[in-house]
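Down below is the structure, laid out as structure tokens.
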Amino acid sequence: MAAKAGDNPDSLMTLATVFCLRNLRKTMCYQGYRNKLCLRSDIFLPSEICDKLVNTYMELVHTDSNFEPEESFFQLFSDPRSTRLTRVQLREDFVRDRDLEAIRKQDLIELHLTYCNNLSSRSLKTLTCFRETLLSLCLFGCSHIFYKKGGAPLACNEDTDEDEEESPVSRQALETDFSFQGFNRLRLLNLGGLPDEVDAETLLKPLKSITSLDLSNVHLLGTAFLAQWKDRLASLVLYNVDLSEELVSTVVELVNLRHLDISRESRRTTKFKMTRKILTAITQRLVNLVSLDVSGHIMLDNCTVPHFEDAMGRPSVEPCKSSIYPFQELKRPLQFLGLYDTTLCNVMHIPAYKVTGSKNEDQVLNAIESYTEFRPELAHRAINQLFDIARIQHCSQLLRALQLVIAALKCHKYDKSIQVTGSAALFYLTNTEYRSDQSVRLRREVIQVVLNGMEQYQEVTVQRNCCLTLCNFSIPEELEFQYSRVNQLLLKILEPARQDESIQRIAVHLCNALVCQVDNHHKEAVGKMGFVKTMLNLIQKKLQDRMCDQVMEFSWSALWNITDETPDNCRMFLNCRGMSLFLECLQEFPDKQELHRNMLGLLGNVAEVKALRPQLLTPQFITVFSNLLDSKADGIEVSYNACGVLSHIMFDGPEVWSMEEPQRDTVMNKMWDAIQSWDVSSRRNINYRSFEPILRLLPQSISPVSQHWATWALYNLVSVYPSKYCPLLIKEGGINLLEKVLELESSHPDTKDMARKVMEQCESFKEDPMETNNGQEVNYGQRG
């Protein structure tokens with residue numbers, strides 16, 4: 001059998017790393033002085049393991065809400081005699097100055113800091129500790145690192161004052177003492193987002209050996225200084241840097257460039273026009289280019305061949321056939337060509353193996369892949385285009401599309417635009433059309449990022465998209481690995497302050513599905529989260545609005561499911577004025593059949609709890625249940641459930657019946673009449689997981705009518721759905737109990753007759769276990 005998309009297992013190294021990080025005190029560490037986490041003295045870890053630990057730790061912090069960060073985690077790597085770090089990637093505001101200071105003695109080769117806005121100029125001083133070994137440095141989006149924090153001195157101290165650590169960065173206090181002097185081994189440098197107050201030329205002057213430079217979004221006062229690396233520079237990124245004739249002239253002097261990025265976020269943000277002359281100069285002068293990105297530029301029409309020529313032949317990557325005139329000068333096809341948000345991506349013959357654009361699915365996926373990490377504004381637009389492809393057309397690269405959207409949502413957990421478009425795309429990429437091709441592992445990844453989005457954003461669009469995406473999964477089975485978390489998030493959505501009807505409706509539907517057919521310990525746990533009270537609050541609000549809609553009906557259905565065989569939840573229902581709301585709903589909505597069925601199903605669960613039945617034994621409630629015996633709502637369901645409630649009450653005997661009206665015998669007679677009126681071949685809107693509450697009513701003489709109701713229920717279910725309910729009845733010892741019914745003199749003849757038919761049906765099923773009536777249940781509720 002072929003593996004499904006995304007089914008590759010994690011490596012043993014990854015599994016072991018995650019386990020250790022979740023269990024630091026049981027594996028590598030012990031609790032030291034003042035609860036400080038300390039590395040055990042017998043632990044010595046090489047760089048391959050230490051790098052993995054740190055980088056996986058950062059990933060868990062950002063993507064797993066159940067993972068608890070450790071205050072002194074980076075201190076574990078303070079001593080290079082026991083731990084060796086070489087390649088570290090840290091991102092977002094979680095990283096602080098003292099975290100970098102903790103690892104300052106390490107001989108780092110690579111240090112990537114991305115969007116670390118809590119770092120101040122103290123971390124610049126820490127960087128100098130790595131100057132003799134550092135080959136690659138990224139400070140992308142770390143806009144505060146060039147500013148002092150609260151007037152703190154630029155120092156690399158052993159101990160950090162907590163007040164100093166928490167003080168905000170002052171954007172006015174620019175650090176002027178830092179220099180890259182001594183970073184002689186540095187080859188790759190990313191200064192994307194460097195503040196305008198910092199002069200890039202002065203800052204970069206000491207660096208003689210740079211081969212890769214990223215100055216995205218940097219304001220350059222002059223460009224001639226780039227020529228100092230003309231014999232060495234292999235990669236230059238000038239994304240969103242204002243182009244000029246001077247800059248282009250400088251760039252084409254960098255003859256060893258293999259990668260050049262002069263792209264922009266959008267054509268709307270530039271007046272510069274990309275001419276045929278400029279593109280020709282780039283291709284003619286930079287003969288070593290294998291990668292070029294000119295996305296977001298206005299392209300003049302004279303760059304492309306006439307349309308009638310372009311349409312000739314099959315698409316080709318050969319330069320000589322290029323639809324873009326300047327690229328006909330290329331010696332070989334480019335490995336990568338960025339044409340996103342340009343007219344050039346629409347031509348037929350593009351001399352590149354990988355192209356970003358918006359013409360087709362492949363170009364859009366390439367754009368998401370290329371721009372996610374450092375250009376979320378472009379990734380957001382590309383994901384939106386993928387959303388349209390999945391919604392209107394068909395996504396042919398499903399695994400790649402899903403993995404790219406998941407990566408974008410993980411990478412930009414705090415970017416609202418990415419979360420909105422990403423969650424919308426996931427809804428269409430996980431629907432029925434694509435489901436059969438997706439592995440359990442891949443679908444779990446989708447669930448994780450969807451829940452991350454729900455956790456981070458209370459905004460209506462994100463919440464709606466995430467809830468709709470969860471509806472594409474088998475519930476509760478596929479959500480069980482995150483059962484507690486998803487329930488908590490849904491209950492938070494359903495807090496009274498939130499009044500968006502569409503989200504409320506979807507969230508209640510999900511809550512109902514999550515408590516249907518799960519183990520009782522799951523239901524009890526969800527009950528303790530406030531599930532019962534939340535549903536009753538929704539019902540109260542709908543009553544105030546005099547509205548019986550899907551939210552009202554799903555709320556009662558969810559209560560029916562969560563109280564099934566869970567006495568604690570039944571007790572909560574009674575304690576939270578549940579019976580008052582039941583009576584109000586019955587009075588306000590007398591013709592709502594499905595509502596009545598759901599409410600009576602719930603009360604059937606309450607009536608099964610012996611300790612709670614006295615609260616139902618009041619003249620008001622007994623009169624209501626007795627009247628509902630005559631109901632024809634939803635077939636027999638309302639009448640059947642009302643009779644079930646009364647059957648359990650009658651089972652407690654005449655001694656507990658303390659009221660004068662209605663009389664016990666009168667109610668029992670009505671129960672007999674109701675049962676006689678039901679069609680035993682009725683199809684049911686109900687789903688029994690266990691017959692135990694019914695079976696306990698069989699071998700007794702206290703209430704023959706209760707015994708009769710229980711026997712009728714079994715006869716109906718094993719007749720209409722033999723393949724499901726015959727095995728269940730046999731497994732739970734029902735046959736022996738039915739034999740005892742036959743032995744009891746108090747059993748009514750009609751009851752005995754039905755008991756024999758149930759036993760015969762089960763015997764026939766054992767001999768011929770084929771389903772013959774094609775009967776199918778509709779699982780609206782757990783049990784009556």
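Following the order of the structure tokens, chains are lettered A, B, ..., residues in each are numbered from 1, and ligands are numbered from 1.
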
Got a sec: who's within 8 Å of stretch 205-207 of chain A, counting only C-alpha atoms, leaving out chain neighbours fewer than 2 positions off, as a ChimeraX atom specification?
/A:179-184,186,201-203,209-210

Excluding same-chain residues fewer than 3 positions from stretch 271-277 of chain A, what lies within 10 Å of it counting only C-alpha atoms, as JSON, numbers by chain?
{"A": [242, 243, 244, 245, 267, 268, 280, 281, 282, 294, 296, 297, 298, 299, 300, 301, 302, 303, 304, 324, 325, 326, 327]}

Need the shell around A:Ser690: protein/DNA/RNA residues with any atom at most 10 Å away, counting only C-alpha atoms. Skip same-chain ones fewer than 3 positions apart. Format as a VMD selection string?
chain A and resid 565 687 693 to 695 725 728 to 729 731 to 732 782 to 783

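Among the residues of stretch 164-355 of chain A, backbone DSSP assigns alpha helix (DSSP H) to Glu164, Glu165, Glu166, Ala200, Glu201, Thr202, Leu203, Leu204, Glu245, Glu246, Leu247, Val248, Ser249, Thr250, Val251, Arg276, Lys277, Ile278, Leu279, Thr280, Ala281, Ile282, Thr283, Gln284, Arg285, His307, Phe308, Glu309 and Asp310 of chain A.
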
Nearest to A:Leu135 by atom-to-atom distance, counting only C-alpha atoms, from A:Thr211, A:Thr176, A:Thr623, A:Asn512:
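Of all the options, A:Thr211 lies closest to A:Leu135.
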
With a distance cut-off of 7 Å and only C-alpha atoms, select the neighbouring residues of stretch 590-607 of chain A, excluding the residue or stretch itself and same-chain residues fewer than 5 positions from it, and output the selection as a ChimeraX atom specification.
/A:553,556-557,559-560,563-565,570,582,612-613,633-634,637-638,641-642,644-645,648-649,783-784
